[in-house]
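*Asks:* File final15.tsv follows (TSV, C-alpha atoms and all ligand atoms):
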```
chain	number	residue	atom	x	y	z
L	1	MET	CA	92.58	109.95	77.43
L	2	LYS	CA	93.64	112.19	80.25
L	3	LEU	CA	95.04	111.04	83.59
L	4	LEU	CA	94.74	113.46	86.49
L	5	TYR	CA	97.57	112.51	88.78
L	6	ALA	CA	100.08	113.40	91.47
L	7	PRO	CA	103.40	111.56	91.21
L	8	ALA	CA	103.73	110.91	94.96
L	9	SER	CA	100.61	108.71	95.10
L	10	PRO	CA	101.29	104.96	95.05
L	11	PHE	CA	97.86	104.45	93.47
L	12	VAL	CA	98.89	106.77	90.65
L	13	ARG	CA	102.18	104.92	90.30
L	14	LYS	CA	100.28	101.65	89.81
L	15	VAL	CA	98.33	103.24	86.95
L	16	LEU	CA	101.49	104.77	85.44
L	17	VAL	CA	103.24	101.39	85.53
L	18	PHE	CA	100.25	99.86	83.75
L	19	ILE	CA	100.34	102.58	81.09
L	20	LYS	CA	104.02	101.94	80.42
L	21	GLU	CA	103.88	98.15	80.56
L	22	LEU	CA	100.83	98.03	78.28
L	23	GLY	CA	102.39	100.43	75.76
L	24	LEU	CA	99.72	103.10	76.17
L	25	GLU	CA	101.95	106.12	76.77
L	26	ASP	CA	101.01	107.78	73.49
L	27	LYS	CA	97.33	107.49	74.30
L	28	VAL	CA	97.34	109.13	77.74
L	29	GLU	CA	97.89	112.81	78.46
L	30	LEU	CA	99.19	113.34	81.99
L	31	VAL	CA	97.69	116.26	83.91
L	32	LYS	CA	99.37	116.94	87.24
L	33	VAL	CA	97.06	118.19	89.97
L	34	SER	CA	97.60	119.18	93.54
L	35	THR	CA	94.75	118.31	95.88
L	36	THR	CA	94.11	117.61	99.54
L	37	VAL	CA	90.90	117.08	101.46
L	38	LEU	CA	91.32	120.64	102.77
L	39	ASP	CA	92.06	122.20	99.39
L	40	GLN	CA	90.23	120.22	96.74
L	41	ASN	CA	91.33	120.78	93.17
L	42	ALA	CA	88.52	122.22	91.03
L	43	GLU	CA	89.55	120.55	87.76
L	44	LEU	CA	89.65	117.19	89.52
L	45	ALA	CA	86.30	117.83	91.25
L	46	ALA	CA	84.74	118.45	87.84
L	47	CYS	CA	85.79	114.93	86.76
L	48	ASN	CA	85.45	113.05	90.05
L	49	PRO	CA	82.90	114.15	92.69
L	50	VAL	CA	85.09	112.79	95.50
L	51	THR	CA	88.21	114.55	94.12
L	52	LYS	CA	90.57	111.62	94.27
L	53	ILE	CA	93.64	110.84	92.21
L	54	PRO	CA	94.13	108.98	90.00
L	55	THR	CA	91.15	109.85	87.81
L	56	LEU	CA	91.11	108.86	84.15
L	57	VAL	CA	89.01	110.87	81.70
L	58	MET	CA	88.27	108.57	78.78
L	59	ASP	CA	88.04	109.72	75.15
L	60	ASN	CA	84.23	109.71	75.44
L	61	GLY	CA	84.51	112.32	78.21
L	62	LYS	CA	83.42	110.00	81.02
L	63	SER	CA	85.65	109.53	84.05
L	64	LEU	CA	86.94	106.39	85.71
L	65	TYR	CA	88.13	105.97	89.29
L	66	ASP	CA	89.52	104.51	91.52
L	67	SER	CA	92.88	103.02	90.56
L	68	ARG	CA	91.55	99.45	90.35
L	69	VAL	CA	88.83	100.49	87.91
L	70	ILE	CA	91.39	102.41	85.85
L	71	THR	CA	93.87	99.52	85.73
L	72	ALA	CA	91.11	97.11	84.67
L	73	TYR	CA	90.03	99.55	81.94
L	74	LEU	CA	93.58	100.07	80.65
L	75	ASP	CA	94.07	96.32	80.60
L	76	SER	CA	90.93	95.93	78.49
L	77	LEU	CA	92.38	98.23	75.82
L	78	VAL	CA	95.13	95.87	74.71
L	79	ALA	CA	94.91	92.28	73.55
L	80	SER	CA	98.18	91.40	75.24
L	81	PRO	CA	99.76	91.40	77.69
L	82	SER	CA	96.91	91.04	80.18
L	83	PHE	CA	97.49	91.81	83.83
L	84	TYR	CA	94.30	90.08	84.97
L	85	ALA	CA	93.88	86.34	84.66
L	86	ALA	CA	90.84	85.58	82.52
L	87	ASP	CA	88.92	83.39	84.94
L	88	GLY	CA	89.04	80.71	87.61
L	89	ASP	CA	91.00	80.84	90.86
L	90	ALA	CA	93.85	82.69	89.18
L	91	ARG	CA	91.58	85.68	88.52
L	92	TRP	CA	90.43	85.91	92.13
L	93	ASP	CA	94.01	85.51	93.35
L	94	VAL	CA	95.13	88.47	91.25
L	95	LEU	CA	92.17	90.61	92.32
L	96	ALA	CA	92.69	89.76	95.99
L	97	MET	CA	96.39	90.55	95.72
L	98	GLU	CA	95.70	93.90	94.08
L	99	ALA	CA	93.20	94.65	96.86
L	100	LEU	CA	95.78	93.70	99.50
L	101	ALA	CA	98.32	96.00	97.89
L	102	ASP	CA	95.77	98.82	97.78
L	103	GLY	CA	94.96	98.19	101.45
L	104	MET	CA	98.65	98.47	102.31
L	105	MET	CA	98.88	101.73	100.35
L	106	ASP	CA	95.73	103.05	102.04
L	107	ALA	CA	97.14	102.38	105.49
L	108	ALA	CA	100.52	103.90	104.65
L	109	VAL	CA	98.94	106.98	103.05
L	110	ASN	CA	96.50	107.40	105.97
L	111	ALA	CA	99.36	107.39	108.46
L	112	ARG	CA	101.26	109.87	106.31
L	113	TYR	CA	98.25	112.20	106.15
L	114	GLU	CA	97.77	111.98	109.91
L	115	ARG	CA	101.38	112.99	110.48
L	116	GLY	CA	101.68	115.43	107.59
L	117	LEU	CA	98.31	117.20	107.49
L	118	ARG	CA	96.88	117.13	111.00
L	119	PRO	CA	97.95	119.70	113.56
L	120	ALA	CA	100.38	118.06	116.01
L	121	GLU	CA	98.03	118.44	118.98
L	122	LYS	CA	95.27	116.56	117.15
L	123	GLN	CA	97.35	113.60	116.03
L	124	TRP	CA	96.34	110.21	117.36
L	125	ASP	CA	99.32	107.90	117.94
L	126	ASP	CA	97.25	104.74	118.48
L	127	TRP	CA	95.47	105.31	115.18
L	128	VAL	CA	98.78	105.70	113.36
L	129	ASP	CA	100.08	102.54	115.08
L	130	GLY	CA	96.97	100.72	113.84
L	131	GLN	CA	97.70	101.82	110.28
L	132	VAL	CA	101.32	100.70	110.57
L	133	LYS	CA	100.10	97.33	111.88
L	134	LYS	CA	98.02	96.95	108.72
L	135	VAL	CA	101.10	97.71	106.61
L	136	HIS	CA	103.01	94.96	108.41
L	137	GLY	CA	100.10	92.57	107.95
L	138	ALA	CA	100.26	93.08	104.19
L	139	LEU	CA	104.08	92.86	104.13
L	140	LYS	CA	103.92	89.56	106.01
L	141	ALA	CA	101.39	88.13	103.56
L	142	PHE	CA	103.40	89.29	100.53
L	143	ASP	CA	106.63	87.94	102.05
L	144	ALA	CA	105.05	84.52	102.59
L	145	ALA	CA	104.07	84.39	98.91
L	146	ALA	CA	107.09	86.16	97.38
L	147	SER	CA	109.13	83.05	96.61
L	148	SER	CA	106.38	82.03	94.16
L	149	PHE	CA	106.25	85.39	92.35
L	150	GLY	CA	109.12	84.61	89.97
L	151	ASP	CA	108.92	86.79	86.86
L	152	ARG	CA	105.14	87.07	87.04
L	153	ILE	CA	103.62	90.42	86.20
L	154	ASP	CA	99.95	91.17	86.81
L	155	ALA	CA	97.80	93.65	88.69
L	156	GLY	CA	98.60	92.08	92.07
L	157	ILE	CA	102.32	92.10	91.42
L	158	VAL	CA	102.35	95.70	90.18
L	159	GLY	CA	100.28	96.71	93.22
L	160	ALA	CA	102.63	94.97	95.65
L	161	ALA	CA	105.65	96.61	94.03
L	162	CYS	CA	104.09	100.08	94.18
L	163	ALA	CA	103.11	99.54	97.83
L	164	CYS	CA	106.70	98.53	98.71
L	165	GLY	CA	108.02	101.47	96.69
L	166	TYR	CA	105.82	103.86	98.66
L	167	LEU	CA	107.36	102.60	101.91
L	168	ASP	CA	110.83	103.32	100.54
L	169	PHE	CA	109.66	106.77	99.47
L	170	ARG	CA	107.78	107.91	102.58
L	171	TYR	CA	109.01	105.56	105.30
L	172	PRO	CA	112.70	105.02	104.54
L	173	ASP	CA	113.38	104.23	108.22
L	174	ILE	CA	110.92	101.36	108.46
L	175	GLY	CA	113.57	98.83	107.30
L	176	TRP	CA	111.00	96.38	105.93
L	177	ARG	CA	113.56	94.29	104.04
L	178	GLU	CA	115.06	92.97	107.29
L	179	ASP	CA	111.77	91.48	108.45
L	180	TYR	CA	110.52	90.43	105.01
L	181	PRO	CA	113.61	89.19	103.15
L	182	ALA	CA	111.87	87.13	100.46
L	183	LEU	CA	109.78	90.16	99.53
L	184	GLY	CA	112.92	92.30	99.52
L	185	THR	CA	114.71	89.92	97.15
L	186	TRP	CA	111.77	89.84	94.74
L	187	TYR	CA	111.30	93.63	94.91
L	188	ALA	CA	114.99	94.31	94.19
L	189	LYS	CA	114.58	92.59	90.82
L	190	PHE	CA	111.09	93.82	89.97
L	191	SER	CA	111.96	97.42	90.73
L	192	GLU	CA	114.68	97.33	88.04
L	193	ARG	CA	111.96	97.31	85.37
L	194	LYS	CA	111.94	100.42	83.20
L	195	SER	CA	108.31	101.10	84.17
L	196	MET	CA	109.26	101.13	87.86
L	197	GLN	CA	112.44	103.17	87.35
L	198	GLU	CA	110.57	105.81	85.34
L	199	THR	CA	107.77	106.22	87.89
L	200	GLN	CA	109.77	106.70	91.08
L	201	ALA	CA	108.48	109.68	93.04
L	202	SER	CA	111.05	112.04	94.44
L	203	SER	CA	109.12	114.67	96.40
N	301	LIG	C1	102.11	111.56	99.35
N	301	LIG	O1	102.61	112.68	99.22
N	301	LIG	O2	102.65	110.68	100.05
N	301	LIG	C2	100.82	111.28	98.65
N	301	LIG	C3	100.32	112.22	97.76
N	301	LIG	C4	99.12	111.97	97.12
N	301	LIG	C5	98.43	110.78	97.35
N	301	LIG	C6	98.95	109.86	98.23
N	301	LIG	C7	100.14	110.10	98.88
```
Before we go any further, please render this structure as structure tokens.
Ligand code: BEZ
*Replies:*
Amino acid sequence: MKLLYAPASPFVRKVLVFIKELGLEDKVELVKVSTTVLDQNAELAACNPVTKIPTLVMDNGKSLYDSRVITAYLDSLVASPSFYAADGDARWDVLAMEALADGMMDAAVNARYERGLRPAEKQWDDWVDGQVKKVHGALKAFDAAASSFGDRIDAGIVGAACACGYLDFRYPDIGWREDYPALGTWYAKFSERKSMQETQASS
């Protein structure tokens, strides 16, 4: 398999953490690509018509995207561990948590793009504030649940960790741990995992 990726993306990080935690490193070739909506990478476009990372090219040549489809596919490749509960309420809880984490990443990445890609005179402060409000909405929900996370690891947990990690990476001044202490305590421990340490973006 081939993963088209950019290390700064929190969605990519979620997939990389899955690959490491599921023991699939030997099965996935990592292909770094640089792409923006203004300069869309041709190799990526050939595999994914909407040129988004992460994109996984399977051994049969077909592509999978977005990150939630990729994580579900990777999970299906190994008998254990499984990062999706098999059925019942637990399954929907995990899926909803992964979606919440992805929503937090979306909002944080959108705000970053607005500030980083748009010409200053075209930037819309209220829109950025709205994205930041979404980030806080997710942080509040995760914080309320964090005391029950324990040592759990599943798609929702990995997503939440990668979303928090992205804030530390791109928004170091946001100081989220002060307002969401239970989440901060859980994250401090979870982020010590080898899979998290080895996937930290630096630029
Ligand atoms: C970033 O540089 O923050 C970034 C890069 C790719 C995807 C998402 C975010």
*Asks:* Please provide the set of residues having any atom within 10 Å of Tyr84 of chain L, restricted to only C-alpha atoms, with same-chain residues fewer than 4 positions apart removed, written as JSON, numbers by chain.
*Replies:* {"L": [71, 72, 75, 76, 90, 91, 92, 93, 94, 95, 98, 153, 154, 155, 156]}
*Asks:* Hey, which residues come within 7 Å of ligand LIG 301 (chain N) if we count all atoms listed in the file? Could you give them as a PyMOL selection string?
*Replies:* chain L and resi 6+8-10+109+112+170
*Asks:* Which residues of segment 159-188 of chain L sit at most 9 Å from segment 12-18 of chain L, using all atoms listed in the file? Give each one's shortest atom pair and distance in Å (one decimal place), in chain and ascending residue order, as JSON lines.
*Replies:*
```
{"residue": "L:Gly159", "atom": "CA", "partner": "L:Lys14", "partner_atom": "CA", "distance": 6.0}
{"residue": "L:Ala161", "atom": "CA", "partner": "L:Lys14", "partner_atom": "CA", "distance": 8.5}
{"residue": "L:Cys162", "atom": "CA", "partner": "L:Lys14", "partner_atom": "CA", "distance": 6.0}
{"residue": "L:Ala163", "atom": "CA", "partner": "L:Lys14", "partner_atom": "CA", "distance": 8.8}
```
*Asks:* Taking (107.2, 103.8, 108.2) in the file's own coordinates, collect the residues within 12 Å, counting all atoms listed in the file, and hand them back as JSON, numbers by chain.
*Replies:* {"L": [104, 105, 107, 108, 109, 110, 111, 112, 115, 128, 129, 131, 132, 133, 134, 135, 136, 163, 164, 165, 166, 167, 168, 169, 170, 171, 172, 173, 174, 175, 176]}
*Asks:* Which is closer to Val158 of chain L than all the others in L:Glu43, L:Asp66, L:Asp102, L:Glu121, using only C-alpha atoms?
*Replies:*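 Closest residue, counting only C-alpha atoms: L:Asp102.
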*Asks:* With N, CA and C atoms as the atom set, please write segment 54-79 of chain L from the structure just given, as a short mmCIF file (atom, residue, chain, number, x, y, z; two decimals), in the first residue's frame.
*Replies:*
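And here's result.cif as it stands now:
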```
data_model
loop_
_atom_site.label_atom_id
_atom_site.label_comp_id
_atom_site.auth_asym_id
_atom_site.auth_seq_id
_atom_site.Cartn_x
_atom_site.Cartn_y
_atom_site.Cartn_z
N PRO L 54 -5.02 12.64 3.85
CA PRO L 54 -4.33 11.46 3.35
C PRO L 54 -5.15 10.73 2.29
N THR L 55 -4.42 10.10 1.35
CA THR L 55 -5.04 9.18 0.40
C THR L 55 -4.23 7.88 0.45
N LEU L 56 -4.93 6.78 0.56
CA LEU L 56 -4.26 5.47 0.61
C LEU L 56 -4.52 4.74 -0.70
N VAL L 57 -3.43 4.35 -1.38
CA VAL L 57 -3.57 3.53 -2.58
C VAL L 57 -3.36 2.08 -2.13
N MET L 58 -4.41 1.29 -2.28
CA MET L 58 -4.35 -0.10 -1.82
C MET L 58 -3.53 -0.95 -2.80
N ASP L 59 -3.23 -2.18 -2.41
CA ASP L 59 -2.42 -3.06 -3.26
C ASP L 59 -3.14 -3.40 -4.57
N ASN L 60 -4.46 -3.29 -4.59
CA ASN L 60 -5.20 -3.55 -5.84
C ASN L 60 -5.25 -2.31 -6.75
N GLY L 61 -4.57 -1.24 -6.33
CA GLY L 61 -4.48 -0.04 -7.16
C GLY L 61 -5.60 0.96 -6.92
N LYS L 62 -6.65 0.55 -6.19
CA LYS L 62 -7.73 1.50 -5.90
C LYS L 62 -7.33 2.40 -4.74
N SER L 63 -7.95 3.57 -4.70
CA SER L 63 -7.62 4.54 -3.65
C SER L 63 -8.73 4.63 -2.61
N LEU L 64 -8.31 4.93 -1.38
CA LEU L 64 -9.26 5.21 -0.31
C LEU L 64 -9.02 6.59 0.26
N TYR L 65 -10.07 7.28 0.59
CA TYR L 65 -10.06 8.57 1.26
C TYR L 65 -11.47 8.74 1.80
N ASP L 66 -11.74 9.53 2.81
CA ASP L 66 -10.84 10.37 3.55
C ASP L 66 -10.25 9.58 4.72
N SER L 67 -9.77 10.31 5.74
CA SER L 67 -9.03 9.62 6.81
C SER L 67 -9.89 8.58 7.52
N ARG L 68 -11.20 8.87 7.67
CA ARG L 68 -12.04 7.91 8.41
C ARG L 68 -12.24 6.61 7.62
N VAL L 69 -12.26 6.72 6.31
CA VAL L 69 -12.37 5.51 5.49
C VAL L 69 -11.05 4.74 5.57
N ILE L 70 -9.95 5.46 5.55
CA ILE L 70 -8.63 4.81 5.62
C ILE L 70 -8.45 4.11 6.97
N THR L 71 -8.81 4.80 8.06
CA THR L 71 -8.61 4.17 9.37
C THR L 71 -9.48 2.91 9.50
N ALA L 72 -10.71 2.98 8.98
CA ALA L 72 -11.58 1.80 9.05
C ALA L 72 -11.00 0.66 8.22
N TYR L 73 -10.41 1.00 7.07
CA TYR L 73 -9.81 -0.05 6.23
C TYR L 73 -8.59 -0.66 6.93
N LEU L 74 -7.72 0.18 7.45
CA LEU L 74 -6.53 -0.34 8.14
C LEU L 74 -6.94 -1.26 9.28
N ASP L 75 -7.95 -0.82 10.02
CA ASP L 75 -8.44 -1.62 11.15
C ASP L 75 -8.92 -3.00 10.69
N SER L 76 -9.51 -3.03 9.49
CA SER L 76 -10.05 -4.30 8.99
C SER L 76 -8.95 -5.29 8.60
N LEU L 77 -7.71 -4.78 8.48
CA LEU L 77 -6.63 -5.65 8.01
C LEU L 77 -6.05 -6.53 9.11
N VAL L 78 -6.30 -6.15 10.36
CA VAL L 78 -5.71 -6.95 11.45
C VAL L 78 -6.81 -7.50 12.34
N ALA L 79 -6.57 -8.70 12.86
CA ALA L 79 -7.59 -9.33 13.71
C ALA L 79 -7.66 -8.61 15.05
#
```
